[in-house]
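As stored in protein_3.cif (mmCIF, N, CA, C and O atoms):
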data_input
#
loop_
_atom_site.label_atom_id
_atom_site.label_comp_id
_atom_site.auth_asym_id
_atom_site.auth_seq_id
_atom_site.Cartn_x
_atom_site.Cartn_y
_atom_site.Cartn_z
N MET A 1 0.85 -1.18 0.00
CA MET A 1 0.00 0.00 0.00
C MET A 1 0.89 1.24 0.00
O MET A 1 1.82 1.33 0.78
N ARG A 2 0.57 2.15 -0.88
CA ARG A 2 1.31 3.41 -0.95
C ARG A 2 0.52 4.50 -0.26
O ARG A 2 -0.62 4.34 0.13
N LYS A 3 1.14 5.66 -0.15
CA LYS A 3 0.56 6.78 0.59
C LYS A 3 -0.82 7.20 0.05
O LYS A 3 -1.75 7.39 0.84
N PRO A 4 -1.02 7.35 -1.27
CA PRO A 4 -2.36 7.73 -1.75
C PRO A 4 -3.43 6.68 -1.43
O PRO A 4 -4.57 7.02 -1.13
N GLU A 5 -3.04 5.42 -1.49
CA GLU A 5 -3.98 4.35 -1.16
C GLU A 5 -4.33 4.38 0.32
O GLU A 5 -5.49 4.15 0.69
N LEU A 6 -3.35 4.67 1.16
CA LEU A 6 -3.60 4.78 2.59
C LEU A 6 -4.53 5.96 2.89
O LEU A 6 -5.46 5.84 3.68
N ALA A 7 -4.28 7.07 2.24
CA ALA A 7 -5.15 8.25 2.43
C ALA A 7 -6.58 7.94 1.99
O ALA A 7 -7.54 8.34 2.65
N ALA A 8 -6.74 7.21 0.89
CA ALA A 8 -8.07 6.85 0.41
C ALA A 8 -8.77 5.92 1.41
O ALA A 8 -9.98 6.06 1.66
N ALA A 9 -8.03 4.98 2.00
CA ALA A 9 -8.61 4.08 3.00
C ALA A 9 -9.02 4.85 4.25
O ALA A 9 -10.08 4.59 4.83
N ILE A 10 -8.20 5.81 4.67
CA ILE A 10 -8.53 6.65 5.83
C ILE A 10 -9.80 7.45 5.53
O ILE A 10 -10.70 7.55 6.36
N ALA A 11 -9.88 8.01 4.33
CA ALA A 11 -11.05 8.81 3.93
C ALA A 11 -12.32 7.98 4.00
O ALA A 11 -13.35 8.43 4.51
N GLU A 12 -12.24 6.77 3.52
CA GLU A 12 -13.42 5.91 3.50
C GLU A 12 -13.84 5.49 4.91
O GLU A 12 -15.02 5.56 5.26
N ARG A 13 -12.88 5.09 5.73
CA ARG A 13 -13.22 4.59 7.07
C ARG A 13 -13.59 5.70 8.04
O ARG A 13 -14.36 5.48 8.96
N ALA A 14 -13.04 6.90 7.86
CA ALA A 14 -13.30 8.00 8.78
C ALA A 14 -14.36 8.97 8.25
O ALA A 14 -14.60 10.01 8.86
N ASP A 15 -14.94 8.65 7.10
CA ASP A 15 -15.96 9.49 6.49
C ASP A 15 -15.44 10.92 6.26
O ASP A 15 -16.06 11.91 6.65
N LEU A 16 -14.26 11.00 5.64
CA LEU A 16 -13.63 12.28 5.29
C LEU A 16 -13.46 12.35 3.78
O LEU A 16 -13.52 11.34 3.10
N SER A 17 -13.20 13.55 3.29
CA SER A 17 -12.85 13.67 1.87
C SER A 17 -11.42 13.16 1.70
O SER A 17 -10.65 13.10 2.66
N LYS A 18 -11.08 12.78 0.48
CA LYS A 18 -9.73 12.28 0.22
C LYS A 18 -8.68 13.36 0.50
O LYS A 18 -7.61 13.08 1.01
N ASP A 19 -9.01 14.61 0.18
CA ASP A 19 -8.08 15.71 0.43
C ASP A 19 -7.84 15.90 1.92
O ASP A 19 -6.69 16.08 2.36
N LYS A 20 -8.90 15.85 2.71
CA LYS A 20 -8.78 16.02 4.16
C LYS A 20 -7.99 14.86 4.77
O LYS A 20 -7.12 15.06 5.62
N ALA A 21 -8.27 13.64 4.31
CA ALA A 21 -7.55 12.47 4.81
C ALA A 21 -6.07 12.55 4.45
O ALA A 21 -5.20 12.19 5.26
N SER A 22 -5.77 13.06 3.26
CA SER A 22 -4.38 13.23 2.84
C SER A 22 -3.68 14.26 3.71
O SER A 22 -2.51 14.08 4.09
N GLN A 23 -4.38 15.35 4.06
CA GLN A 23 -3.81 16.37 4.94
C GLN A 23 -3.52 15.78 6.32
O GLN A 23 -2.47 16.03 6.90
N VAL A 24 -4.46 15.01 6.85
CA VAL A 24 -4.28 14.38 8.16
C VAL A 24 -3.07 13.44 8.13
O VAL A 24 -2.22 13.47 9.03
N LEU A 25 -2.97 12.63 7.09
CA LEU A 25 -1.85 11.70 6.97
C LEU A 25 -0.52 12.46 6.89
O LEU A 25 0.46 12.09 7.56
N ASN A 26 -0.49 13.55 6.13
CA ASN A 26 0.73 14.36 6.02
C ASN A 26 1.13 14.96 7.36
O ASN A 26 2.32 15.00 7.70
N VAL A 27 0.16 15.45 8.12
CA VAL A 27 0.45 16.03 9.44
C VAL A 27 1.02 14.96 10.37
O VAL A 27 2.00 15.19 11.08
N ILE A 28 0.42 13.78 10.37
CA ILE A 28 0.90 12.69 11.22
C ILE A 28 2.35 12.33 10.86
O ILE A 28 3.21 12.23 11.73
N LEU A 29 2.61 12.18 9.57
CA LEU A 29 3.96 11.82 9.14
C LEU A 29 4.96 12.94 9.45
O LEU A 29 6.10 12.66 9.84
N ASP A 30 4.55 14.19 9.28
CA ASP A 30 5.43 15.32 9.60
C ASP A 30 5.77 15.35 11.09
O ASP A 30 6.92 15.62 11.47
N GLU A 31 4.78 15.09 11.94
CA GLU A 31 5.01 15.09 13.39
C GLU A 31 5.94 13.94 13.80
O GLU A 31 6.83 14.12 14.63
N ILE A 32 5.75 12.77 13.22
CA ILE A 32 6.63 11.64 13.52
C ILE A 32 8.05 11.97 13.07
O ILE A 32 9.01 11.79 13.81
N THR A 33 8.17 12.50 11.85
CA THR A 33 9.48 12.85 11.31
C THR A 33 10.17 13.90 12.17
O THR A 33 11.35 13.77 12.51
N GLY A 34 9.44 14.94 12.55
CA GLY A 34 10.02 16.01 13.37
C GLY A 34 10.47 15.53 14.73
O GLY A 34 11.56 15.89 15.20
N SER A 35 9.67 14.70 15.37
CA SER A 35 10.03 14.19 16.69
C SER A 35 11.25 13.29 16.63
O SER A 35 12.16 13.41 17.44
N VAL A 36 11.28 12.40 15.65
CA VAL A 36 12.43 11.49 15.53
C VAL A 36 13.68 12.27 15.15
O VAL A 36 14.78 11.99 15.64
N ALA A 37 13.54 13.30 14.31
CA ALA A 37 14.69 14.13 13.93
C ALA A 37 15.28 14.86 15.13
O ALA A 37 16.48 15.13 15.17
N GLN A 38 14.45 15.16 16.14
CA GLN A 38 14.93 15.80 17.36
C GLN A 38 15.47 14.80 18.37
O GLN A 38 15.86 15.17 19.47
N GLY A 39 15.45 13.52 18.01
CA GLY A 39 15.98 12.49 18.90
C GLY A 39 14.96 11.90 19.86
O GLY A 39 15.32 11.13 20.74
N GLN A 40 13.70 12.25 19.69
CA GLN A 40 12.65 11.72 20.56
C GLN A 40 12.08 10.43 19.97
O GLN A 40 11.96 10.29 18.77
N ASP A 41 11.72 9.49 20.86
CA ASP A 41 11.04 8.28 20.43
C ASP A 41 9.58 8.60 20.19
O ASP A 41 9.00 9.46 20.85
N VAL A 42 8.97 7.91 19.23
CA VAL A 42 7.55 8.05 18.97
C VAL A 42 6.92 6.68 19.17
O VAL A 42 7.22 5.74 18.42
N ALA A 43 6.10 6.54 20.21
CA ALA A 43 5.47 5.26 20.53
C ALA A 43 3.99 5.31 20.21
O ALA A 43 3.27 6.17 20.73
N LEU A 44 3.55 4.44 19.34
CA LEU A 44 2.14 4.30 19.00
C LEU A 44 1.70 2.96 19.58
O LEU A 44 1.98 1.90 19.00
N ILE A 45 1.06 3.00 20.74
CA ILE A 45 0.72 1.80 21.49
C ILE A 45 -0.06 0.83 20.60
O ILE A 45 -1.03 1.19 19.95
N GLY A 46 0.39 -0.41 20.57
CA GLY A 46 -0.24 -1.44 19.77
C GLY A 46 0.29 -1.51 18.35
O GLY A 46 0.14 -2.52 17.68
N PHE A 47 0.92 -0.44 17.88
CA PHE A 47 1.46 -0.43 16.52
C PHE A 47 2.97 -0.60 16.53
O PHE A 47 3.51 -1.50 15.91
N GLY A 48 3.68 0.30 17.25
CA GLY A 48 5.13 0.19 17.31
C GLY A 48 5.78 1.48 17.77
O GLY A 48 5.11 2.46 18.06
N THR A 49 7.11 1.44 17.81
CA THR A 49 7.89 2.58 18.28
C THR A 49 8.99 2.91 17.28
O THR A 49 9.72 2.02 16.83
N PHE A 50 9.08 4.19 16.95
CA PHE A 50 10.17 4.70 16.10
C PHE A 50 11.23 5.26 17.04
O PHE A 50 10.92 6.08 17.91
N THR A 51 12.48 4.85 16.87
CA THR A 51 13.57 5.34 17.70
C THR A 51 14.75 5.73 16.82
O THR A 51 14.89 5.27 15.69
N VAL A 52 15.62 6.57 17.39
CA VAL A 52 16.86 6.94 16.72
C VAL A 52 17.96 6.05 17.28
O VAL A 52 18.10 5.91 18.50
N ARG A 53 18.71 5.45 16.40
CA ARG A 53 19.85 4.63 16.82
C ARG A 53 21.12 5.23 16.23
O ARG A 53 21.13 5.72 15.11
N GLU A 54 22.17 5.17 17.03
CA GLU A 54 23.45 5.69 16.57
C GLU A 54 24.35 4.54 16.16
O GLU A 54 24.46 3.54 16.86
N ARG A 55 24.96 4.70 15.01
CA ARG A 55 25.93 3.73 14.52
C ARG A 55 27.32 4.28 14.78
O ARG A 55 27.62 5.43 14.44
N ALA A 56 28.17 3.47 15.35
CA ALA A 56 29.53 3.89 15.65
C ALA A 56 30.36 3.95 14.35
O ALA A 56 30.03 3.28 13.36
N ALA A 57 31.41 4.73 14.37
CA ALA A 57 32.33 4.77 13.24
C ALA A 57 32.99 3.40 13.12
O ALA A 57 33.23 2.72 14.12
N ARG A 58 33.25 3.00 11.89
CA ARG A 58 33.84 1.68 11.69
C ARG A 58 34.67 1.68 10.41
O ARG A 58 34.60 2.60 9.62
N THR A 59 35.39 0.62 10.22
CA THR A 59 36.20 0.47 9.03
C THR A 59 35.52 -0.54 8.11
O THR A 59 35.16 -1.64 8.54
N GLY A 60 35.34 -0.17 6.86
CA GLY A 60 34.75 -1.06 5.87
C GLY A 60 35.76 -1.35 4.78
O GLY A 60 36.95 -1.08 4.93
N LYS A 61 35.27 -1.93 3.70
CA LYS A 61 36.16 -2.27 2.60
C LYS A 61 35.48 -1.90 1.29
O LYS A 61 34.30 -2.20 1.09
N ASN A 62 36.21 -1.22 0.40
CA ASN A 62 35.70 -0.89 -0.92
C ASN A 62 35.56 -2.20 -1.70
O ASN A 62 36.53 -2.91 -1.90
N PRO A 63 34.35 -2.57 -2.14
CA PRO A 63 34.17 -3.85 -2.81
C PRO A 63 34.89 -3.95 -4.16
O PRO A 63 35.22 -5.05 -4.60
N GLN A 64 35.16 -2.82 -4.80
CA GLN A 64 35.83 -2.86 -6.11
C GLN A 64 37.33 -3.02 -5.98
O GLN A 64 37.95 -3.75 -6.74
N THR A 65 37.92 -2.32 -5.00
CA THR A 65 39.38 -2.34 -4.89
C THR A 65 39.88 -3.15 -3.70
O THR A 65 41.06 -3.51 -3.66
N GLY A 66 39.03 -3.39 -2.72
CA GLY A 66 39.46 -4.12 -1.53
C GLY A 66 40.19 -3.24 -0.53
O GLY A 66 40.63 -3.73 0.51
N GLN A 67 40.32 -1.95 -0.81
CA GLN A 67 41.01 -1.03 0.08
C GLN A 67 40.16 -0.73 1.31
O GLN A 67 38.95 -0.64 1.22
N PRO A 68 40.80 -0.56 2.47
CA PRO A 68 40.05 -0.18 3.67
C PRO A 68 39.42 1.20 3.50
O PRO A 68 39.96 2.05 2.80
N LEU A 69 38.27 1.39 4.15
CA LEU A 69 37.50 2.60 3.98
C LEU A 69 36.93 2.99 5.34
O LEU A 69 36.35 2.16 6.03
N ALA A 70 37.13 4.25 5.74
CA ALA A 70 36.59 4.72 7.02
C ALA A 70 35.13 5.11 6.83
O ALA A 70 34.80 5.94 5.99
N ILE A 71 34.25 4.51 7.61
CA ILE A 71 32.83 4.82 7.57
C ILE A 71 32.53 5.65 8.82
O ILE A 71 32.72 5.16 9.94
N PRO A 72 32.07 6.88 8.66
CA PRO A 72 31.85 7.75 9.83
C PRO A 72 30.63 7.30 10.65
O PRO A 72 29.77 6.59 10.16
N ALA A 73 30.59 7.78 11.88
CA ALA A 73 29.43 7.52 12.74
C ALA A 73 28.20 8.18 12.13
O ALA A 73 28.31 9.20 11.44
N SER A 74 27.04 7.59 12.36
CA SER A 74 25.81 8.15 11.80
C SER A 74 24.62 7.79 12.68
O SER A 74 24.73 6.98 13.59
N LYS A 75 23.51 8.43 12.38
CA LYS A 75 22.26 8.13 13.08
C LYS A 75 21.30 7.52 12.07
O LYS A 75 21.32 7.87 10.89
N THR A 76 20.45 6.63 12.54
CA THR A 76 19.45 6.00 11.69
C THR A 76 18.16 5.82 12.47
O THR A 76 18.16 5.93 13.70
N VAL A 77 17.08 5.57 11.78
CA VAL A 77 15.79 5.35 12.42
C VAL A 77 15.52 3.86 12.48
O VAL A 77 15.76 3.13 11.52
N ALA A 78 15.03 3.41 13.63
CA ALA A 78 14.66 2.01 13.80
C ALA A 78 13.18 1.95 14.17
O ALA A 78 12.64 2.86 14.80
N PHE A 79 12.53 0.88 13.78
CA PHE A 79 11.13 0.66 14.12
C PHE A 79 11.01 -0.68 14.82
O PHE A 79 11.49 -1.69 14.33
N LYS A 80 10.39 -0.65 15.99
CA LYS A 80 10.15 -1.88 16.74
C LYS A 80 8.64 -2.09 16.76
O LYS A 80 7.91 -1.28 17.35
N PRO A 81 8.15 -3.14 16.11
CA PRO A 81 6.70 -3.34 16.07
C PRO A 81 6.13 -3.65 17.45
O PRO A 81 6.77 -4.29 18.28
N GLY A 82 4.91 -3.18 17.68
CA GLY A 82 4.21 -3.43 18.93
C GLY A 82 3.48 -4.77 18.89
O GLY A 82 3.38 -5.43 17.85
N LYS A 83 2.92 -5.16 20.03
CA LYS A 83 2.26 -6.45 20.15
C LYS A 83 1.08 -6.57 19.20
O LYS A 83 0.90 -7.62 18.56
N GLY A 84 0.28 -5.54 19.07
CA GLY A 84 -0.88 -5.59 18.18
C GLY A 84 -0.48 -5.85 16.74
O GLY A 84 -1.12 -6.65 16.04
N LEU A 85 0.57 -5.19 16.27
CA LEU A 85 1.04 -5.38 14.90
C LEU A 85 1.63 -6.78 14.72
O LEU A 85 1.36 -7.46 13.74
N LYS A 86 2.42 -7.21 15.70
CA LYS A 86 3.00 -8.57 15.63
C LYS A 86 1.91 -9.63 15.56
O LYS A 86 1.99 -10.57 14.78
N ASP A 87 0.88 -9.48 16.41
CA ASP A 87 -0.21 -10.45 16.44
C ASP A 87 -0.99 -10.46 15.13
O ASP A 87 -1.37 -11.52 14.63
N ALA A 88 -1.21 -9.27 14.54
CA ALA A 88 -1.94 -9.19 13.27
C ALA A 88 -1.17 -9.85 12.14
O ALA A 88 -1.76 -10.52 11.28
N VAL A 89 0.14 -9.70 12.14
CA VAL A 89 0.97 -10.30 11.08
C VAL A 89 1.06 -11.81 11.27
O VAL A 89 1.10 -12.56 10.30
N ALA A 90 1.06 -12.27 12.51
CA ALA A 90 1.22 -13.70 12.79
C ALA A 90 -0.01 -14.52 12.39
O ALA A 90 0.09 -15.74 12.25
N LYS A 91 -1.15 -13.87 12.23
CA LYS A 91 -2.39 -14.61 11.88
C LYS A 91 -2.32 -15.19 10.50
O LYS A 91 -1.81 -14.73 9.58
#
Representation of the structure as structure tokens:
Amino acid sequence: MRKPELAAAIAERADLSKDKASQVLNVILDEITGSVAQGQDVALIGFGTFTVRERAARTGKNPQTGQPLAIPASKTVAFKPGKGLKDAVAK
């Protein structure tokens, strides 16, 4: 399911126009993005938690030349599914 399809499903289930549902979806995604960008966890009970994880600097290898390569430290987003989502997928 892509974003327009999700917005259409929200519109149908919540009795909203597609435009209004799309605006609501955009606001939700913007708030999640903004919170995670500030380093805050976003927990949606029953669905899951978005967290920021830090990756330490490490040494890698260039696959073409085999030369060692310094990979700098970075931050990434992780998602841990909640019990409700896990149970729905397991069915």
message: I'd like the residues picked by the PyMOL selection byres ((chain A and resi 40-55) around 7) written out as a ChimeraX atom specification, using the chain letters and numbers from the file.
response: /A:32,34-39,56-58,71-86
Those in chain A with strand (DSSP E or B) from DSSP, as a PyMOL selection string: chain A and resi 42-44+48-55+58-61+68-71+74-81
Expected selection from the PyMOL selection byres ((chain A and resi 69) around 6), given as a list in words: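 On the file shown, the PyMOL selection byres ((chain A and resi 69) around 6) covers Arg58, Thr59, Gly60, Lys61, Asn62, Gln67, Pro68, Ala70 and Ile71 of chain A.
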Would you export the selected residues with N, CA, C and O atoms as a PDB file, in the frame of the given file, please?
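Output below, filename again-v4.pdb:
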ATOM      1  N   ARG A  58      33.250   3.000  11.890  1.00  0.00           N
ATOM      2  CA  ARG A  58      33.840   1.680  11.690  1.00  0.00           C
ATOM      3  C   ARG A  58      34.670   1.680  10.410  1.00  0.00           C
ATOM      4  O   ARG A  58      34.600   2.600   9.620  1.00  0.00           O
ATOM      5  N   THR A  59      35.390   0.620  10.220  1.00  0.00           N
ATOM      6  CA  THR A  59      36.200   0.470   9.030  1.00  0.00           C
ATOM      7  C   THR A  59      35.520  -0.540   8.110  1.00  0.00           C
ATOM      8  O   THR A  59      35.160  -1.640   8.540  1.00  0.00           O
ATOM      9  N   GLY A  60      35.340  -0.170   6.860  1.00  0.00           N
ATOM     10  CA  GLY A  60      34.750  -1.060   5.870  1.00  0.00           C
ATOM     11  C   GLY A  60      35.760  -1.350   4.780  1.00  0.00           C
ATOM     12  O   GLY A  60      36.950  -1.080   4.930  1.00  0.00           O
ATOM     13  N   LYS A  61      35.270  -1.930   3.700  1.00  0.00           N
ATOM     14  CA  LYS A  61      36.160  -2.270   2.600  1.00  0.00           C
ATOM     15  C   LYS A  61      35.480  -1.900   1.290  1.00  0.00           C
ATOM     16  O   LYS A  61      34.300  -2.200   1.090  1.00  0.00           O
ATOM     17  N   ASN A  62      36.210  -1.220   0.400  1.00  0.00           N
ATOM     18  CA  ASN A  62      35.700  -0.890  -0.920  1.00  0.00           C
ATOM     19  C   ASN A  62      35.560  -2.200  -1.700  1.00  0.00           C
ATOM     20  O   ASN A  62      36.530  -2.910  -1.900  1.00  0.00           O
ATOM     21  N   GLN A  67      40.320  -1.950  -0.810  1.00  0.00           N
ATOM     22  CA  GLN A  67      41.010  -1.030   0.080  1.00  0.00           C
ATOM     23  C   GLN A  67      40.160  -0.730   1.310  1.00  0.00           C
ATOM     24  O   GLN A  67      38.950  -0.640   1.220  1.00  0.00           O
ATOM     25  N   PRO A  68      40.800  -0.560   2.470  1.00  0.00           N
ATOM     26  CA  PRO A  68      40.050  -0.180   3.670  1.00  0.00           C
ATOM     27  C   PRO A  68      39.420   1.200   3.500  1.00  0.00           C
ATOM     28  O   PRO A  68      39.960   2.050   2.800  1.00  0.00           O
ATOM     29  N   ALA A  70      37.130   4.250   5.740  1.00  0.00           N
ATOM     30  CA  ALA A  70      36.590   4.720   7.020  1.00  0.00           C
ATOM     31  C   ALA A  70      35.130   5.110   6.830  1.00  0.00           C
ATOM     32  O   ALA A  70      34.800   5.940   5.990  1.00  0.00           O
ATOM     33  N   ILE A  71      34.250   4.510   7.610  1.00  0.00           N
ATOM     34  CA  ILE A  71      32.830   4.820   7.570  1.00  0.00           C
ATOM     35  C   ILE A  71      32.530   5.650   8.820  1.00  0.00           C
ATOM     36  O   ILE A  71      32.720   5.160   9.940  1.00  0.00           O
TER      37      ILE A  71
END
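Computed from the coordinates, the atom O of Ser17 of chain A to atom CA of Glu5 of chain A distance equals 11.6 Å.
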field: DSSP-assigned helix (DSSP H, G or I) among chain A, expressed as a ChimeraX atom specification
entry: /A:3-14,18-37,83-90
task: May I ask for the distance between atom CA of Thr33 of chain A and atom N of Ala21 of chain A, given in Å to one decimal place?
output: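 It comes out at 19.1 Å.
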